[in-house]
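What follows is one structure encoded as structure tokens, with my remarks underneath.
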Amino acid sequence: MTLLYTSDPERGRIWREIFAAEAPDVGFADPSEPHDPAAVRYLAAWSPSAELIASLPRLEILFSIGAGIDQFDMTRLPPHVRVVRMIEPGITAGMVEYAAMATLALHRNLIDYRVAQGEARWSPIKLVPAGERRVGVMGLGNLGQAVLKALAPFGFPLSGWSRSAHQIDGVTCHAGAAGMAAFLAECDILICLLPLTDATRGILCRDSLSRLPKGAALINVGRGGHLVEQDLLSLLDEGHLSGAVLDVTDPEPLPGDHPFWAHPRIIITPHVASMTRADSAARVLIANIRRHEAGEPLDGEVARNRGY
Ligand code: GLV
């Protein structure tokens, strides 16, 4: 039985060592080395080609190298192949750090001070207590919940929104289309951590963003496809929104002439909020392979029809 690995070679080197030491019964191969395609039961990949998938007659599980699975073309994947997203401590820690950094930057007016600095203008802004800055997270999966937990000690009033109902201590939870308007009305800072699906594409648009309180700000750490770019630009220019921190864009890389780059109220980072950590991810993968062998539920398995 073989795991075929088709991602970053540096991570592959670490995974190979960990598999050799901790799961010697699972062969580890990358496509450039000799391997028997009929022995490949597991594929770990970011964006595998249709040809690669078609060449693996016994494939049982496609493991995403990252937290998302929207990059997979499900139409090219045989229906029996299970799909698993990466849930591992390194990704969670990175996302928590980034979301905290961006929330605090917006809360403490970093965008205004960056603009003022460009004009050599010394112009203090009165502090708003954290208890008066409402932060809301869209997407209450493992990452969304970890971010809310990390933000709680600052004292921000917290709320959350997701498709299905949740109960989280210290967080006002809203669900579904019916709960969206009430949720948005109470977010001074909105963090998008949704999966990208047909139902969430373009969810950050004029209709939703204009329901945020005047002066609210957006952090997008989901996918570029969640955001209708022109709507964000208009709402910033009209002064309804005060800023945005965007780690994801569509396309990526963001083209050099895109208006986001030079916008004084937008901070762009190049999809770095979190990254899969090699060692912890390898161990999560091995644990999932063991669960599969034991007929137990997999951690992070995606409902393919739902897309997350
Ligand atoms: C990155 O965005 C990932 O899905 O891990």
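Letters A, B, ... go to the chains of the structure tokens in the order shown; residues in each chain start at 1; ligands are counted from 1 in the same order.
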
Site check for ligand 1: residues at most 12 Å away, only C-alpha atoms and all ligand atoms, as a compact mmCIF listing (two decimals) with C-alpha atoms, in the first residue's frame:
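Result file result.txt:
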# COMPACT_ATOMS: atom_id res chain seq x y z
CA ALA A 45 -1.85 16.58 -3.05
CA TRP A 46 -2.84 20.20 -3.40
CA SER A 47 -4.16 20.19 -6.93
CA PHE A 63 -5.82 14.02 1.27
CA SER A 64 -5.55 17.77 0.78
CA ILE A 65 -2.19 19.21 1.74
CA GLY A 66 -4.03 22.27 3.06
CA ALA A 67 -7.14 23.24 4.97
CA GLY A 68 -9.19 23.84 1.81
CA ILE A 69 -10.47 21.38 -0.78
CA ASP A 70 -12.09 23.85 -3.18
CA GLN A 71 -9.07 23.50 -5.50
CA PHE A 72 -10.00 19.88 -6.27
CA VAL A 84 -10.07 14.73 3.51
CA ARG A 85 -9.03 18.27 4.34
CA MET A 86 -6.01 18.97 6.50
CA ILE A 87 -6.77 19.69 10.12
CA GLU A 88 -3.46 19.96 11.93
CA PRO A 89 -2.13 22.12 14.77
CA GLY A 90 0.29 24.11 12.57
CA ILE A 91 -2.49 25.40 10.30
CA THR A 92 -4.64 26.30 13.29
CA GLY A 94 -0.98 30.15 11.99
CA MET A 95 -4.58 31.13 11.40
CA LEU A 143 -10.37 27.33 12.40
CA LEU A 193 -13.19 31.86 7.44
CA LEU A 194 -15.77 30.09 5.33
CA PRO A 195 -15.02 27.26 2.96
CA LEU A 196 -15.48 28.25 -0.69
CA ASN A 220 -10.67 37.81 4.51
CA VAL A 221 -8.75 34.66 5.30
CA GLY A 222 -11.18 32.39 3.45
CA ARG A 223 -10.79 32.49 -0.32
CA GLY A 224 -10.60 35.32 -2.82
CA ASP A 247 -4.79 37.38 2.70
CA VAL A 248 -6.57 35.80 -0.25
CA THR A 249 -7.47 37.16 -3.67
CA GLU A 252 -3.55 34.61 -6.89
CA PRO A 270 0.18 36.86 -0.17
CA HIS A 271 -1.90 33.94 1.16
CA VAL A 272 0.34 33.35 4.14
CA ALA A 273 -2.10 33.42 7.04
CA SER A 274 -1.33 29.82 7.78
CA MET A 275 0.75 27.08 6.27
CA THR A 276 0.69 23.35 6.72
CA ARG A 277 3.47 22.37 9.11
CA ALA A 281 0.66 17.22 9.24
CA TYR A 308 -16.66 21.04 2.95

Skipping near chain neighbours, those fewer than 4 positions away, what residues fall within 12 Å of Ile289 (chain A) using only C-alpha atoms, listed as a count of residues only?
30

Could you give me the residues within region 67-204 of chain A that DSSP places in helix (DSSP H, G or I), as a compact mmCIF listing (two decimals) with all heavy atoms, in the first residue's frame?
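result-v5.txt written:
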# COMPACT_ATOMS: atom_id res chain seq x y z
N MET A 74 -13.79 17.96 -8.35
CA MET A 74 -14.49 16.76 -7.88
C MET A 74 -15.07 15.96 -9.05
O MET A 74 -15.30 14.76 -8.92
CB MET A 74 -15.62 17.13 -6.92
CG MET A 74 -15.15 17.81 -5.66
SD MET A 74 -14.32 16.66 -4.55
CE MET A 74 -14.08 17.74 -3.14
N THR A 75 -15.30 16.65 -10.17
CA THR A 75 -15.92 15.93 -11.30
C THR A 75 -14.94 14.91 -11.89
O THR A 75 -15.35 14.01 -12.61
CB THR A 75 -16.36 16.91 -12.42
OG1 THR A 75 -15.18 17.54 -12.94
CG2 THR A 75 -17.33 17.95 -11.90
N ARG A 76 -13.62 15.10 -11.61
CA ARG A 76 -12.63 14.18 -12.16
C ARG A 76 -12.26 13.09 -11.16
O ARG A 76 -11.36 12.30 -11.42
CB ARG A 76 -11.35 14.94 -12.57
CG ARG A 76 -11.59 16.13 -13.43
CD ARG A 76 -12.43 15.80 -14.67
NE ARG A 76 -11.70 15.09 -15.67
CZ ARG A 76 -11.06 15.64 -16.69
NH1 ARG A 76 -11.10 16.96 -16.84
NH2 ARG A 76 -10.41 14.92 -17.56
N PRO A 89 -2.37 21.02 13.85
CA PRO A 89 -2.13 22.12 14.77
C PRO A 89 -1.37 23.30 14.16
O PRO A 89 -1.57 24.44 14.56
CB PRO A 89 -1.31 21.50 15.90
CG PRO A 89 -1.35 20.03 15.71
CD PRO A 89 -1.86 19.73 14.33
N GLY A 90 -0.49 23.03 13.18
CA GLY A 90 0.29 24.11 12.57
C GLY A 90 -0.61 25.09 11.81
O GLY A 90 -0.45 26.31 11.90
N ILE A 91 -1.56 24.55 11.06
CA ILE A 91 -2.49 25.40 10.30
C ILE A 91 -3.32 26.22 11.28
O ILE A 91 -3.52 27.43 11.10
CB ILE A 91 -3.43 24.55 9.42
CG1 ILE A 91 -2.64 23.88 8.30
CG2 ILE A 91 -4.56 25.42 8.84
CD1 ILE A 91 -3.52 23.10 7.31
N THR A 92 -3.79 25.58 12.33
CA THR A 92 -4.64 26.30 13.29
C THR A 92 -3.85 27.42 13.96
O THR A 92 -4.33 28.56 14.06
CB THR A 92 -5.18 25.30 14.34
OG1 THR A 92 -5.74 24.19 13.66
CG2 THR A 92 -6.23 25.95 15.22
N ALA A 93 -2.63 27.11 14.40
CA ALA A 93 -1.83 28.13 15.09
C ALA A 93 -1.57 29.32 14.18
O ALA A 93 -1.67 30.48 14.60
CB ALA A 93 -0.50 27.51 15.56
N GLY A 94 -1.24 29.05 12.93
CA GLY A 94 -0.98 30.15 11.99
C GLY A 94 -2.21 31.02 11.79
O GLY A 94 -2.13 32.25 11.79
N MET A 95 -3.35 30.37 11.64
CA MET A 95 -4.58 31.13 11.40
C MET A 95 -4.95 31.97 12.62
O MET A 95 -5.37 33.13 12.49
CB MET A 95 -5.71 30.18 11.03
CG MET A 95 -6.95 30.87 10.57
SD MET A 95 -6.64 32.01 9.18
CE MET A 95 -6.59 30.86 7.80
N VAL A 96 -4.76 31.41 13.79
CA VAL A 96 -5.07 32.14 15.02
C VAL A 96 -4.16 33.38 15.12
O VAL A 96 -4.63 34.49 15.41
CB VAL A 96 -4.90 31.20 16.24
CG1 VAL A 96 -4.76 31.99 17.52
CG2 VAL A 96 -6.08 30.24 16.32
N GLU A 97 -2.88 33.20 14.84
CA GLU A 97 -1.95 34.34 14.91
C GLU A 97 -2.36 35.43 13.92
O GLU A 97 -2.39 36.61 14.24
CB GLU A 97 -0.52 33.89 14.55
CG GLU A 97 0.17 33.07 15.59
CD GLU A 97 1.52 32.55 15.10
OE1 GLU A 97 1.97 32.91 13.98
OE2 GLU A 97 2.12 31.78 15.84
N TYR A 98 -2.64 35.00 12.70
CA TYR A 98 -2.94 35.99 11.66
C TYR A 98 -4.23 36.73 11.97
O TYR A 98 -4.31 37.96 11.85
CB TYR A 98 -3.03 35.32 10.29
CG TYR A 98 -3.16 36.31 9.16
CD1 TYR A 98 -2.04 36.70 8.42
CD2 TYR A 98 -4.40 36.87 8.82
CE1 TYR A 98 -2.16 37.62 7.38
CE2 TYR A 98 -4.52 37.79 7.80
CZ TYR A 98 -3.39 38.16 7.08
OH TYR A 98 -3.52 39.08 6.05
N ALA A 99 -5.25 35.99 12.38
CA ALA A 99 -6.54 36.63 12.65
C ALA A 99 -6.41 37.58 13.84
O ALA A 99 -6.99 38.67 13.84
CB ALA A 99 -7.60 35.56 12.93
N ALA A 100 -5.61 37.19 14.83
CA ALA A 100 -5.41 38.08 15.99
C ALA A 100 -4.64 39.33 15.55
O ALA A 100 -4.99 40.45 15.92
CB ALA A 100 -4.67 37.33 17.09
N MET A 101 -3.60 39.13 14.74
CA MET A 101 -2.82 40.27 14.25
C MET A 101 -3.71 41.24 13.48
O MET A 101 -3.68 42.46 13.71
CB MET A 101 -1.70 39.76 13.33
CG MET A 101 -0.98 40.86 12.58
SD MET A 101 0.05 40.24 11.24
CE MET A 101 -1.18 39.86 9.99
N ALA A 102 -4.51 40.71 12.57
CA ALA A 102 -5.33 41.58 11.73
C ALA A 102 -6.43 42.25 12.56
O ALA A 102 -6.73 43.45 12.36
CB ALA A 102 -5.93 40.76 10.58
N THR A 103 -7.01 41.52 13.48
CA THR A 103 -8.07 42.10 14.31
C THR A 103 -7.50 43.24 15.16
O THR A 103 -8.09 44.34 15.24
CB THR A 103 -8.69 41.01 15.23
OG1 THR A 103 -9.21 39.98 14.40
CG2 THR A 103 -9.79 41.57 16.10
N LEU A 104 -6.35 42.98 15.76
CA LEU A 104 -5.75 44.02 16.61
C LEU A 104 -5.31 45.21 15.76
O LEU A 104 -5.44 46.37 16.17
CB LEU A 104 -4.59 43.45 17.42
CG LEU A 104 -5.02 42.45 18.50
CD1 LEU A 104 -3.81 41.78 19.13
CD2 LEU A 104 -5.88 43.11 19.57
N ALA A 105 -4.79 44.94 14.57
CA ALA A 105 -4.36 46.05 13.69
C ALA A 105 -5.56 46.93 13.35
O ALA A 105 -5.46 48.17 13.40
CB ALA A 105 -3.73 45.48 12.42
N LEU A 106 -6.68 46.32 13.05
CA LEU A 106 -7.88 47.12 12.70
C LEU A 106 -8.43 47.81 13.94
O LEU A 106 -8.77 49.00 13.92
CB LEU A 106 -8.94 46.23 12.06
CG LEU A 106 -8.56 45.67 10.68
CD1 LEU A 106 -9.52 44.57 10.25
CD2 LEU A 106 -8.51 46.79 9.63
N HIS A 107 -8.49 47.06 15.03
CA HIS A 107 -9.01 47.62 16.29
C HIS A 107 -8.19 48.84 16.72
O HIS A 107 -8.74 49.85 17.18
CB HIS A 107 -8.97 46.52 17.35
CG HIS A 107 -9.24 46.99 18.74
ND1 HIS A 107 -10.39 47.68 19.08
CD2 HIS A 107 -8.52 46.87 19.90
CE1 HIS A 107 -10.36 47.96 20.38
NE2 HIS A 107 -9.24 47.49 20.89
N LEU A 110 -4.51 50.78 12.80
CA LEU A 110 -3.24 50.77 12.06
C LEU A 110 -3.39 51.31 10.64
O LEU A 110 -2.47 51.95 10.12
CB LEU A 110 -2.69 49.34 12.03
CG LEU A 110 -1.19 49.25 11.77
CD1 LEU A 110 -0.38 49.89 12.90
CD2 LEU A 110 -0.76 47.80 11.61
N ILE A 111 -4.55 51.07 10.03
CA ILE A 111 -4.74 51.57 8.66
C ILE A 111 -4.71 53.10 8.66
O ILE A 111 -4.05 53.73 7.83
CB ILE A 111 -6.02 51.00 8.05
CG1 ILE A 111 -5.79 49.49 7.77
CG2 ILE A 111 -6.44 51.75 6.79
CD1 ILE A 111 -6.89 48.81 7.00
N ASP A 112 -5.40 53.72 9.63
CA ASP A 112 -5.39 55.19 9.70
C ASP A 112 -3.97 55.71 9.95
O ASP A 112 -3.56 56.71 9.36
CB ASP A 112 -6.29 55.67 10.85
CG ASP A 112 -7.73 55.31 10.59
OD1 ASP A 112 -8.33 55.93 9.69
OD2 ASP A 112 -8.24 54.38 11.24
N TYR A 113 -3.24 55.02 10.82
CA TYR A 113 -1.89 55.51 11.13
C TYR A 113 -0.93 55.32 9.96
O TYR A 113 -0.01 56.10 9.78
CB TYR A 113 -1.35 54.83 12.40
CG TYR A 113 -2.14 55.27 13.64
CD1 TYR A 113 -2.67 54.34 14.52
CD2 TYR A 113 -2.38 56.62 13.88
CE1 TYR A 113 -3.41 54.74 15.62
CE2 TYR A 113 -3.13 57.03 14.98
CZ TYR A 113 -3.65 56.10 15.84
OH TYR A 113 -4.39 56.51 16.91
N ARG A 114 -1.20 54.30 9.15
CA ARG A 114 -0.36 54.09 7.96
C ARG A 114 -0.62 55.23 6.95
O ARG A 114 0.30 55.77 6.35
CB ARG A 114 -0.65 52.73 7.34
CG ARG A 114 0.45 52.21 6.46
CD ARG A 114 0.10 50.86 5.94
NE ARG A 114 -1.18 50.84 5.22
CZ ARG A 114 -1.46 50.05 4.19
NH1 ARG A 114 -0.57 49.21 3.77
NH2 ARG A 114 -2.64 50.10 3.61
N VAL A 115 -1.89 55.59 6.81
CA VAL A 115 -2.23 56.71 5.92
C VAL A 115 -1.61 58.00 6.47
O VAL A 115 -0.96 58.77 5.75
CB VAL A 115 -3.77 56.86 5.80
CG1 VAL A 115 -4.13 58.13 5.05
CG2 VAL A 115 -4.37 55.63 5.11
N ALA A 116 -1.74 58.21 7.80
CA ALA A 116 -1.20 59.44 8.40
C ALA A 116 0.31 59.50 8.25
O ALA A 116 0.89 60.56 7.97
CB ALA A 116 -1.59 59.49 9.88
N GLN A 117 0.95 58.35 8.39
CA GLN A 117 2.42 58.32 8.26
C GLN A 117 2.84 58.75 6.86
O GLN A 117 3.81 59.49 6.69
CB GLN A 117 2.95 56.91 8.58
CG GLN A 117 4.47 56.85 8.55
CD GLN A 117 5.00 55.52 9.06
OE1 GLN A 117 4.27 54.73 9.65
NE2 GLN A 117 6.27 55.28 8.83
N GLY A 118 2.07 58.29 5.87
CA GLY A 118 2.38 58.67 4.49
C GLY A 118 2.29 60.18 4.28
O GLY A 118 2.90 60.73 3.35
N ALA A 130 -11.84 47.40 23.90
CA ALA A 130 -12.16 46.15 23.19
C ALA A 130 -13.61 45.74 23.44
O ALA A 130 -14.28 45.20 22.56
CB ALA A 130 -11.21 45.04 23.61
N GLY A 131 -14.09 46.03 24.62
CA GLY A 131 -15.47 45.66 24.97
C GLY A 131 -16.51 46.38 24.12
O GLY A 131 -17.70 46.03 24.15
N GLU A 132 -16.05 47.41 23.38
CA GLU A 132 -16.99 48.12 22.50
C GLU A 132 -16.71 47.84 21.03
O GLU A 132 -17.23 48.53 20.15
CB GLU A 132 -16.92 49.63 22.78
CG GLU A 132 -17.46 49.97 24.15
CD GLU A 132 -17.20 51.41 24.55
OE1 GLU A 132 -16.99 52.26 23.66
OE2 GLU A 132 -17.19 51.66 25.77
N ASN A 142 -13.33 24.25 12.57
CA ASN A 142 -12.21 24.16 13.51
C ASN A 142 -11.38 25.46 13.55
O ASN A 142 -11.04 25.95 14.63
CB ASN A 142 -11.51 22.88 13.06
CG ASN A 142 -10.04 22.89 13.05
OD1 ASN A 142 -9.47 22.55 14.05
ND2 ASN A 142 -9.42 23.22 11.97
N LEU A 143 -11.16 26.09 12.40
CA LEU A 143 -10.37 27.33 12.40
C LEU A 143 -11.16 28.50 12.99
O LEU A 143 -10.64 29.28 13.78
CB LEU A 143 -9.91 27.68 10.97
CG LEU A 143 -8.94 26.67 10.34
CD1 LEU A 143 -8.59 27.08 8.92
CD2 LEU A 143 -7.67 26.54 11.16
N GLY A 144 -12.42 28.64 12.59
CA GLY A 144 -13.24 29.74 13.10
C GLY A 144 -13.37 29.68 14.61
O GLY A 144 -13.25 30.70 15.31
N GLN A 145 -13.56 28.49 15.12
CA GLN A 145 -13.71 28.35 16.58
C GLN A 145 -12.40 28.65 17.30
O GLN A 145 -12.39 29.26 18.37
CB GLN A 145 -14.21 26.95 16.93
CG GLN A 145 -15.62 26.72 16.40
CD GLN A 145 -16.35 25.61 17.13
OE1 GLN A 145 -16.08 25.31 18.28
NE2 GLN A 145 -17.28 24.98 16.45
N ALA A 146 -11.27 28.24 16.70
CA ALA A 146 -9.97 28.50 17.33
C ALA A 146 -9.70 30.01 17.36
O ALA A 146 -9.18 30.55 18.35
CB ALA A 146 -8.86 27.77 16.57
N VAL A 147 -10.08 30.70 16.30
CA VAL A 147 -9.88 32.16 16.24
C VAL A 147 -10.73 32.84 17.31
O VAL A 147 -10.26 33.72 18.05
CB VAL A 147 -10.20 32.68 14.82
CG1 VAL A 147 -10.39 34.18 14.81
CG2 VAL A 147 -9.10 32.26 13.85
N LEU A 148 -11.98 32.43 17.44
CA LEU A 148 -12.86 33.04 18.45
C LEU A 148 -12.28 32.83 19.85
O LEU A 148 -12.27 33.74 20.68
CB LEU A 148 -14.26 32.45 18.34
CG LEU A 148 -15.07 33.01 17.17
CD1 LEU A 148 -16.23 32.08 16.81
CD2 LEU A 148 -15.59 34.42 17.49
N LYS A 149 -11.79 31.64 20.10
CA LYS A 149 -11.24 31.33 21.42
C LYS A 149 -10.02 32.23 21.72
O LYS A 149 -9.85 32.71 22.84
CB LYS A 149 -10.83 29.85 21.43
CG LYS A 149 -10.55 29.32 22.78
CD LYS A 149 -10.49 27.79 22.70
CE LYS A 149 -9.87 27.28 24.00
NZ LYS A 149 -9.32 25.95 23.84
N ALA A 150 -9.20 32.45 20.69
CA ALA A 150 -8.00 33.26 20.90
C ALA A 150 -8.35 34.74 21.10
O ALA A 150 -7.61 35.47 21.76
CB ALA A 150 -7.06 33.10 19.70
N LEU A 151 -9.46 35.18 20.51
CA LEU A 151 -9.83 36.60 20.63
C LEU A 151 -10.55 36.89 21.94
O LEU A 151 -10.57 38.04 22.40
CB LEU A 151 -10.71 37.01 19.44
CG LEU A 151 -10.01 37.04 18.09
CD1 LEU A 151 -11.02 37.36 16.98
CD2 LEU A 151 -8.87 38.07 18.07
N ALA A 152 -11.12 35.86 22.55
CA ALA A 152 -11.94 36.07 23.75
C ALA A 152 -11.22 36.85 24.87
O ALA A 152 -11.80 37.78 25.43
CB ALA A 152 -12.47 34.74 24.26
N PRO A 153 -9.96 36.51 25.19
CA PRO A 153 -9.32 37.20 26.32
C PRO A 153 -9.17 38.72 26.14
O PRO A 153 -9.03 39.44 27.13
CB PRO A 153 -7.94 36.54 26.41
CG PRO A 153 -8.08 35.23 25.72
CD PRO A 153 -9.10 35.44 24.65
N PHE A 154 -9.21 39.22 24.92
CA PHE A 154 -9.10 40.68 24.73
C PHE A 154 -10.36 41.40 25.18
O PHE A 154 -10.35 42.59 25.43
CB PHE A 154 -8.82 41.02 23.26
CG PHE A 154 -7.44 40.63 22.84
CD1 PHE A 154 -7.22 39.48 22.10
CD2 PHE A 154 -6.34 41.42 23.18
CE1 PHE A 154 -5.94 39.10 21.72
CE2 PHE A 154 -5.06 41.05 22.80
CZ PHE A 154 -4.86 39.89 22.08
N GLY A 176 -27.51 30.26 9.14
CA GLY A 176 -28.29 30.24 7.91
C GLY A 176 -28.65 31.61 7.37
O GLY A 176 -28.31 32.65 7.95
N ALA A 177 -29.33 31.60 6.25
CA ALA A 177 -29.71 32.85 5.59
C ALA A 177 -30.52 33.73 6.54
O ALA A 177 -30.35 34.96 6.59
CB ALA A 177 -30.51 32.54 4.33
N ALA A 178 -31.36 33.11 7.36
CA ALA A 178 -32.23 33.87 8.25
C ALA A 178 -31.44 34.61 9.32
O ALA A 178 -31.88 35.66 9.81
CB ALA A 178 -33.24 32.93 8.90
N GLY A 179 -30.26 34.08 9.68
CA GLY A 179 -29.49 34.71 10.77
C GLY A 179 -28.45 35.71 10.28
O GLY A 179 -27.77 36.36 11.08
N MET A 180 -28.32 35.84 8.98
CA MET A 180 -27.22 36.63 8.41
C MET A 180 -27.31 38.12 8.73
O MET A 180 -26.32 38.74 9.15
CB MET A 180 -27.20 36.40 6.90
CG MET A 180 -26.16 37.15 6.18
SD MET A 180 -24.57 36.40 6.42
CE MET A 180 -24.36 35.64 4.86
N ALA A 181 -28.48 38.71 8.56
CA ALA A 181 -28.59 40.17 8.73
C ALA A 181 -28.30 40.57 10.17
O ALA A 181 -27.57 41.53 10.43
CB ALA A 181 -29.98 40.64 8.29
N ALA A 182 -28.84 39.81 11.12
CA ALA A 182 -28.62 40.13 12.54
C ALA A 182 -27.13 39.99 12.88
O ALA A 182 -26.57 40.79 13.62
CB ALA A 182 -29.45 39.21 13.42
N PHE A 183 -26.51 38.97 12.32
CA PHE A 183 -25.08 38.77 12.56
C PHE A 183 -24.27 39.95 12.04
O PHE A 183 -23.47 40.55 12.75
CB PHE A 183 -24.63 37.46 11.89
CG PHE A 183 -23.15 37.31 11.76
CD1 PHE A 183 -22.36 37.03 12.88
CD2 PHE A 183 -22.51 37.45 10.52
CE1 PHE A 183 -20.98 36.90 12.77
CE2 PHE A 183 -21.14 37.33 10.41
CZ PHE A 183 -20.37 37.05 11.53
N LEU A 184 -24.52 40.30 10.78
CA LEU A 184 -23.72 41.37 10.16
C LEU A 184 -23.90 42.69 10.89
O LEU A 184 -22.94 43.45 11.04
CB LEU A 184 -24.11 41.51 8.68
CG LEU A 184 -23.71 40.32 7.80
CD1 LEU A 184 -24.40 40.42 6.44
CD2 LEU A 184 -22.20 40.23 7.63
N ALA A 185 -25.10 42.94 11.38
CA ALA A 185 -25.37 44.21 12.05
C ALA A 185 -24.55 44.37 13.32
O ALA A 185 -24.39 45.47 13.83
CB ALA A 185 -26.87 44.32 12.36

Need to verify the contact set: region 232-235 of chain A, 8 Å, only C-alpha atoms, exclusion of same-chain residues closer than 5 positions in sequence. Can you return it as a PyMOL selection string?
chain A and resi 205-206+209-210+227+240-241
